[in-house]
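Peer 1: Take this structure first; my questions come after.
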Amino acid sequence: DAGVIQSPRHEVTEMGQEVTLRCKPISGHNSLFWYRQTMMRGLELLIYFNNNVPIDDSGMPEDRFSAKMPNASFSTLKIQPSEPRDSAVYFCASSFSAGDASYEQYFGPGTRLTVT
Amino acid sequence: SQELEQSPQSLIVQEGKNLTINCTSSKTLYGLYWYKQKYGEGLIFLMMLQKGGEEKSHEKITAKLDEKKQQSSLHITASQPSHAGIYLCGADIYRGAGSYQLTFGKGTKLSVIP
C-alpha cells in the first residue's frame with residue numbers, strides 16, 4: 001500500500017487566496033484525521049471523520065476552515081480566505097476503528113503551507 | 001495548559017548512550033501512542049500501550065505505561081544517529097459523553113552525536 005497520500009506537498013499562496021489540501025487515506029481505513037502542526041502549538045487535531053461523516057470538528061480554528069469527505073478514499077481541507085497565521089504543516093492521517101478500540105493512526109507526509 | 005507534557009523538550013546525547021523521554025498527563029490515558037517524526041516528514045508509528053504497567057519493545061526502543069495510566073516513558077538503549085528525530089506521545093483522552101480524542105504532546109527533539 002502507498003500509505004496516506006497528501007497533495008500538494010508544498011503550497012505558497014498570498015493572503016486572501018483560497019487553499020485546498022487533499023488527502024487519500026489508506027484503503028480499508030474508515031477514520032480520517034486532519035492535523036495542523038506549528039512550532040508554537042505543536043500538533044493539533046482539526047477535525048476527524050468516521051465512515052465519511054464528520055465526528056468532531058471542535059478543533060477547526062474558525063469559519064474560514066472547512067473539510068469534506070465525499071467518499072471513503074478522498075478528503076479535502078479548504079481555507080478561504082487564507083491568512084499568514086495559517087502557515088503550518090497540515091497532516092492527514094487515517095486509521096481503522098471499531099467500537100471503543102484504539103488503533104494507531106498512519107500519517108501522510110504533510111502539506112507545508114506558507115501564506116504571505 | 002498542555003494536557004500531555006513531554007520532557008525534556010530537547011535532548012543531545014553521544015552515540016551509544018541510553019536516554020529516556022517522558023510523557024505525563026493529569027488525566028487517565030486510554031491508549032498511549034509513541035510516534036517518531038523526522039524534519040519535514042510525517043509521523044511514523046512506533047508503539048501503542050493500553051494497559052497499566054504494559055511494556056513493549058522494538059529493537060532498541062522500549063516504552064512503558066505506568067500502573068495509573070498517567071505517565072509513559074520511552075527508553076532508547078545504545079542510541080545511534082538513526083534514532084535522531086522528534087518523538088511525540090499521543091493519547092486518547094476522555095472528553096465526556098462516551099467520546100475520546102487523540103491529543104499529542106509537543107514532542108522531544110533528539111539529536112545523537114556520532
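Following the order of the C-alpha cells, chains are lettered A, B, ..., residues in each are numbered from 1, and ligands are numbered from 1.
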What residues in chain A have any atom no more than 7 Å from chain B when counting only C-alpha atoms, and can you write them as a list in words?

Peer 2: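 Within 7 Å of chain B on chain A, we get Gly42, Leu43, Ser102, Tyr106, Phe107, Gly108, Pro109 and Gly110 of chain A.
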
Peer 1: Just the selected residues (C-alpha atoms), exported as a PDB file, in the first residue's frame, please.

Peer 2:
ATOM      1  CA  GLY A  42       2.608  21.554  18.294  1.00  0.00           C
ATOM      2  CA  LEU A  43       0.297  19.047  16.628  1.00  0.00           C
ATOM      3  CA  SER A 102      -7.938   2.243  19.915  1.00  0.00           C
ATOM      4  CA  TYR A 106      -0.943   6.367   9.892  1.00  0.00           C
ATOM      5  CA  PHE A 107       0.175   9.804   8.826  1.00  0.00           C
ATOM      6  CA  GLY A 108       0.733  11.264   5.416  1.00  0.00           C
ATOM      7  CA  PRO A 109       3.883  13.256   4.593  1.00  0.00           C
ATOM      8  CA  GLY A 110       2.100  16.564   5.214  1.00  0.00           C
TER       9      GLY A 110
END

Peer 1: Within 10 Å of Gln17 of chain A, counting only C-alpha atoms, which residues show up once you throw out same-chain ones fewer than 4 positions away? Write them as a list in words, please.

Peer 2: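 What passes the distance filter is Thr13, Ile79, Gln80, Pro81, Ser82, Glu83 and Val115 of chain A.
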
Peer 1: With N, CA, C and O atoms retained, export the selected residues as a PDB file, in the first residue's frame.

Peer 2:
ATOM      1  N   THR A  13       1.056  30.695  -1.014  1.00  0.00           N
ATOM      2  CA  THR A  13      -0.037  31.492  -1.546  1.00  0.00           C
ATOM      3  C   THR A  13      -0.075  32.854  -0.883  1.00  0.00           C
ATOM      4  O   THR A  13       0.547  33.060   0.170  1.00  0.00           O
ATOM      5  N   ILE A  79      -9.205  26.310   3.065  1.00  0.00           N
ATOM      6  CA  ILE A  79      -9.063  27.544   3.838  1.00  0.00           C
ATOM      7  C   ILE A  79      -9.414  28.697   2.899  1.00  0.00           C
ATOM      8  O   ILE A  79      -8.793  28.868   1.858  1.00  0.00           O
ATOM      9  N   GLN A  80     -10.428  29.464   3.264  1.00  0.00           N
ATOM     10  CA  GLN A  80     -10.878  30.559   2.431  1.00  0.00           C
ATOM     11  C   GLN A  80     -11.503  31.654   3.286  1.00  0.00           C
ATOM     12  O   GLN A  80     -12.537  31.416   3.920  1.00  0.00           O
ATOM     13  N   PRO A  81     -10.915  32.844   3.307  1.00  0.00           N
ATOM     14  CA  PRO A  81      -9.642  33.233   2.724  1.00  0.00           C
ATOM     15  C   PRO A  81      -8.480  32.875   3.635  1.00  0.00           C
ATOM     16  O   PRO A  81      -8.621  32.831   4.853  1.00  0.00           O
ATOM     17  N   SER A  82      -7.336  32.625   3.071  1.00  0.00           N
ATOM     18  CA  SER A  82      -6.162  32.254   3.861  1.00  0.00           C
ATOM     19  C   SER A  82      -5.529  33.504   4.483  1.00  0.00           C
ATOM     20  O   SER A  82      -5.640  34.615   3.951  1.00  0.00           O
ATOM     21  N   GLU A  83      -4.865  33.294   5.625  1.00  0.00           N
ATOM     22  CA  GLU A  83      -4.175  34.362   6.333  1.00  0.00           C
ATOM     23  C   GLU A  83      -2.767  33.878   6.698  1.00  0.00           C
ATOM     24  O   GLU A  83      -2.547  32.669   6.810  1.00  0.00           O
ATOM     25  N   VAL A 115       1.596  31.162   3.827  1.00  0.00           N
ATOM     26  CA  VAL A 115       0.724  32.242   3.360  1.00  0.00           C
ATOM     27  C   VAL A 115       1.453  33.566   3.565  1.00  0.00           C
ATOM     28  O   VAL A 115       1.831  33.907   4.691  1.00  0.00           O
TER      29      VAL A 115
END

Peer 1: As a PyMOL selection string, please: the residues near Gln6 of chain B (cut-off 10 Å, only C-alpha atoms, same-chain neighbours under 3 positions excluded).

Peer 2: chain B and resi 2-3+9-10+21-25+71-73+87-89+104-108

Peer 1: Please indicate the distance in Å from atom CA of Glu15 of chain B to atom CA of Glu54 of chain B, rounded to one decimal place.

Peer 2: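 Value for the atom CA of Glu15 of chain B-atom CA of Glu54 of chain B distance: 27.8 Å.
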
Peer 1: In Å, rounded to a single decimal, give me how far atom CA of His83 of chain B is from atom CA of Ile61 of chain B.

Peer 2: 9.4 Å

Peer 1: Could you work out how far atom CA of Asn51 of chain A lies from atom CA of Gln6 of chain A, giving the answer in Å with one decimal?

Peer 2: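 Going from atom CA of Gln6 of chain A over to atom CA of Asn51 of chain A covers 19.0 Å.
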
Peer 1: Could you pull out the strand (DSSP E) residues of segment 51-86 of chain A, going by DSSP on the backbone, and write them as a PyMOL selection string?

Peer 2: chain A and resi 53-56+65-71+74-79

Peer 1: Excluding Ser27 of chain A and its own-chain neighbours fewer than 6 positions away, which residues fall within 10 Å of it when counting only C-alpha atoms? Please give them as a list in words.

Peer 2: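 Non-adjacent residues within range: Asp1, Ala2, Gly3, Val4, Ala72, Ser73, Ser94, Ser95 and Phe96 of chain A.
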
Peer 1: Within 12 Å of Tyr39 of chain B, counting only C-alpha atoms, which residues qualify if same-chain residues fewer than 6 places away don't, as a list in words?

Peer 2: Gln37, Met39, Val89, Pro109, Gly110 and Arg112 of chain A; Ala84, Gly85, Ile86, Tyr87, Lys109, Leu110 and Ser111 of chain B

Peer 1: Residues as selected, N, CA and C atoms, written as a PDB file, in the first residue's frame, can you do that?

Peer 2:
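Once everything was written out, this is result-v9.pdb:
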ATOM      1  N   GLN A  37       0.305  21.382  12.383  1.00  0.00           N
ATOM      2  CA  GLN A  37       1.479  21.402  13.252  1.00  0.00           C
ATOM      3  C   GLN A  37       2.243  22.708  13.096  1.00  0.00           C
ATOM      4  N   MET A  39       5.317  25.293  15.322  1.00  0.00           N
ATOM      5  CA  MET A  39       6.316  25.278  16.396  1.00  0.00           C
ATOM      6  C   MET A  39       5.679  25.686  17.716  1.00  0.00           C
ATOM      7  N   VAL A  89       2.306  23.150   8.871  1.00  0.00           N
ATOM      8  CA  VAL A  89       2.288  21.881   8.144  1.00  0.00           C
ATOM      9  C   VAL A  89       0.976  21.185   8.489  1.00  0.00           C
ATOM     10  N   PRO A 109       2.642  12.484   4.505  1.00  0.00           N
ATOM     11  CA  PRO A 109       3.883  13.256   4.593  1.00  0.00           C
ATOM     12  C   PRO A 109       3.653  14.727   4.924  1.00  0.00           C
ATOM     13  N   GLY A 110       2.403  15.177   4.871  1.00  0.00           N
ATOM     14  CA  GLY A 110       2.100  16.564   5.214  1.00  0.00           C
ATOM     15  C   GLY A 110       2.145  17.515   4.035  1.00  0.00           C
ATOM     16  N   ARG A 112       3.122  21.483   3.502  1.00  0.00           N
ATOM     17  CA  ARG A 112       3.689  22.680   4.132  1.00  0.00           C
ATOM     18  C   ARG A 112       3.077  23.906   3.461  1.00  0.00           C
TER      19      ARG A 112
ATOM     20  N   ALA B  84      17.858   9.808  15.769  1.00  0.00           N
ATOM     21  CA  ALA B  84      17.604  11.249  15.838  1.00  0.00           C
ATOM     22  C   ALA B  84      16.269  11.606  15.189  1.00  0.00           C
ATOM     23  N   GLY B  85      15.588  12.555  15.791  1.00  0.00           N
ATOM     24  CA  GLY B  85      14.297  12.999  15.276  1.00  0.00           C
ATOM     25  C   GLY B  85      13.482  13.582  16.408  1.00  0.00           C
ATOM     26  N   ILE B  86      12.212  13.789  16.132  1.00  0.00           N
ATOM     27  CA  ILE B  86      11.299  14.309  17.147  1.00  0.00           C
ATOM     28  C   ILE B  86      10.374  13.176  17.575  1.00  0.00           C
ATOM     29  N   TYR B  87      10.312  12.923  18.865  1.00  0.00           N
ATOM     30  CA  TYR B  87       9.450  11.873  19.393  1.00  0.00           C
ATOM     31  C   TYR B  87       8.225  12.515  20.018  1.00  0.00           C
ATOM     32  N   LYS B 109      12.812  16.713  20.885  1.00  0.00           N
ATOM     33  CA  LYS B 109      13.762  16.675  19.778  1.00  0.00           C
ATOM     34  C   LYS B 109      15.037  15.988  20.241  1.00  0.00           C
ATOM     35  N   LEU B 110      15.362  14.888  19.603  1.00  0.00           N
ATOM     36  CA  LEU B 110      16.538  14.114  19.966  1.00  0.00           C
ATOM     37  C   LEU B 110      17.625  14.260  18.909  1.00  0.00           C
ATOM     38  N   SER B 111      18.808  14.637  19.346  1.00  0.00           N
ATOM     39  CA  SER B 111      19.984  14.670  18.473  1.00  0.00           C
ATOM     40  C   SER B 111      21.004  13.679  19.018  1.00  0.00           C
TER      41      SER B 111
END

Peer 1: Point out the residue among B:Ile93, B:Leu29, B:Ala78, B:Val112 with the least atom-to-atom distance to Lys17 of chain B, counting only C-alpha atoms.

Peer 2: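 Selected residue with least distance to Lys17 of chain B: B:Ala78.
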
Peer 1: If we count only C-alpha atoms, what is near Ser75 of chain A at a cut-off of 12 Å, once residues fewer than 4 positions away on the same chain are taken out, given as a PyMOL selection string?

Peer 2: chain A and resi 4-7+20-26+31-34+47-54+66-71+91-94

Peer 1: With N, CA, C and O atoms kept, could you save the residues just selected as a compact mmCIF listing (two decimals), in the first residue's frame?

Peer 2:
# COMPACT_ATOMS: atom_id res chain seq x y z
N VAL A 4 -0.80 6.90 3.31
CA VAL A 4 -1.65 8.07 3.16
C VAL A 4 -0.98 9.04 2.18
O VAL A 4 0.21 9.34 2.32
N ILE A 5 -1.74 9.49 1.24
CA ILE A 5 -1.20 10.39 0.21
C ILE A 5 -1.78 11.77 0.39
O ILE A 5 -3.00 11.94 0.52
N GLN A 6 -0.91 12.77 0.40
CA GLN A 6 -1.36 14.15 0.52
C GLN A 6 -0.81 14.96 -0.65
O GLN A 6 0.29 14.73 -1.11
N SER A 7 -1.61 15.93 -1.06
CA SER A 7 -1.15 16.85 -2.09
C SER A 7 -1.77 18.23 -1.88
O SER A 7 -2.88 18.32 -1.32
N THR A 20 -6.71 24.68 -1.03
CA THR A 20 -7.33 23.37 -0.87
C THR A 20 -6.26 22.30 -0.73
O THR A 20 -5.40 22.16 -1.59
N LEU A 21 -6.32 21.58 0.38
CA LEU A 21 -5.40 20.49 0.63
C LEU A 21 -6.15 19.17 0.43
O LEU A 21 -7.32 19.06 0.80
N ARG A 22 -5.45 18.18 -0.10
CA ARG A 22 -6.10 16.93 -0.45
C ARG A 22 -5.47 15.74 0.25
O ARG A 22 -4.26 15.75 0.54
N CYS A 23 -6.29 14.74 0.49
CA CYS A 23 -5.80 13.56 1.20
C CYS A 23 -6.49 12.30 0.68
O CYS A 23 -7.71 12.27 0.49
N LYS A 24 -5.69 11.29 0.48
CA LYS A 24 -6.22 9.96 0.14
C LYS A 24 -5.79 9.01 1.25
O LYS A 24 -4.60 8.74 1.43
N PRO A 25 -6.74 8.49 2.03
CA PRO A 25 -6.37 7.61 3.14
C PRO A 25 -5.98 6.22 2.65
O PRO A 25 -6.12 5.90 1.48
N ILE A 26 -5.48 5.43 3.57
CA ILE A 26 -5.13 4.05 3.26
C ILE A 26 -6.41 3.26 2.99
O ILE A 26 -7.39 3.39 3.75
N SER A 31 -11.44 5.78 9.33
CA SER A 31 -11.35 7.06 10.04
C SER A 31 -10.27 7.91 9.40
O SER A 31 -9.21 7.40 9.03
N LEU A 32 -10.56 9.21 9.29
CA LEU A 32 -9.60 10.14 8.69
C LEU A 32 -9.49 11.37 9.56
O LEU A 32 -10.50 11.87 10.06
N PHE A 33 -8.26 11.84 9.73
CA PHE A 33 -7.98 12.95 10.64
C PHE A 33 -7.20 14.03 9.91
O PHE A 33 -6.30 13.73 9.13
N TRP A 34 -7.51 15.28 10.20
CA TRP A 34 -6.71 16.41 9.73
C TRP A 34 -6.07 17.08 10.94
O TRP A 34 -6.75 17.40 11.93
N ILE A 47 -10.05 18.17 12.73
CA ILE A 47 -11.32 17.51 12.50
C ILE A 47 -11.07 16.05 12.22
O ILE A 47 -10.00 15.69 11.73
N TYR A 48 -12.03 15.19 12.56
CA TYR A 48 -11.90 13.83 12.11
C TYR A 48 -13.23 13.26 11.65
O TYR A 48 -14.30 13.69 12.11
N PHE A 49 -13.14 12.35 10.70
CA PHE A 49 -14.27 11.71 10.08
C PHE A 49 -14.26 10.22 10.43
O PHE A 49 -13.20 9.61 10.52
N ASN A 50 -15.43 9.68 10.58
CA ASN A 50 -15.57 8.24 10.72
C ASN A 50 -16.61 7.78 9.71
O ASN A 50 -17.75 8.29 9.71
N ASN A 51 -16.24 6.84 8.87
CA ASN A 51 -17.14 6.40 7.79
C ASN A 51 -17.68 7.58 6.99
O ASN A 51 -18.88 7.67 6.71
N ASN A 52 -16.79 8.51 6.68
CA ASN A 52 -17.05 9.69 5.84
C ASN A 52 -17.88 10.77 6.53
O ASN A 52 -18.19 11.79 5.93
N VAL A 53 -18.26 10.56 7.77
CA VAL A 53 -19.08 11.53 8.49
C VAL A 53 -18.22 12.32 9.47
O VAL A 53 -17.46 11.70 10.23
N PRO A 54 -18.30 13.66 9.47
CA PRO A 54 -17.52 14.43 10.44
C PRO A 54 -18.02 14.16 11.86
O PRO A 54 -19.21 14.32 12.13
N SER A 66 -12.81 24.63 6.31
CA SER A 66 -13.87 23.64 6.09
C SER A 66 -13.24 22.36 5.57
O SER A 66 -12.20 22.39 4.92
N ALA A 67 -13.86 21.24 5.90
CA ALA A 67 -13.34 19.94 5.45
C ALA A 67 -14.49 19.09 4.94
O ALA A 67 -15.61 19.17 5.46
N LYS A 68 -14.19 18.30 3.93
CA LYS A 68 -15.19 17.41 3.36
C LYS A 68 -14.59 16.02 3.14
O LYS A 68 -13.37 15.89 2.96
N MET A 69 -15.47 15.05 3.13
CA MET A 69 -15.03 13.70 2.78
C MET A 69 -16.15 13.09 1.94
O MET A 69 -17.04 12.41 2.48
N PRO A 70 -16.14 13.34 0.65
CA PRO A 70 -17.23 12.88 -0.21
C PRO A 70 -17.31 11.37 -0.38
O PRO A 70 -18.37 10.84 -0.68
N ASN A 71 -16.17 10.69 -0.19
CA ASN A 71 -16.17 9.23 -0.26
C ASN A 71 -15.03 8.68 0.59
O ASN A 71 -14.24 9.46 1.14
N PHE A 91 -1.26 17.84 8.33
CA PHE A 91 -1.15 16.40 8.16
C PHE A 91 -2.53 15.77 8.06
O PHE A 91 -3.47 16.18 8.75
N CYS A 92 -2.60 14.76 7.25
CA CYS A 92 -3.77 13.91 7.18
C CYS A 92 -3.34 12.54 7.71
O CYS A 92 -2.22 12.10 7.46
N ALA A 93 -4.21 11.90 8.46
CA ALA A 93 -3.91 10.56 8.98
C ALA A 93 -5.15 9.70 8.85
O ALA A 93 -6.27 10.22 8.83
N SER A 94 -4.95 8.41 8.75
CA SER A 94 -6.09 7.51 8.70
C SER A 94 -5.86 6.31 9.61
O SER A 94 -4.72 5.99 9.96
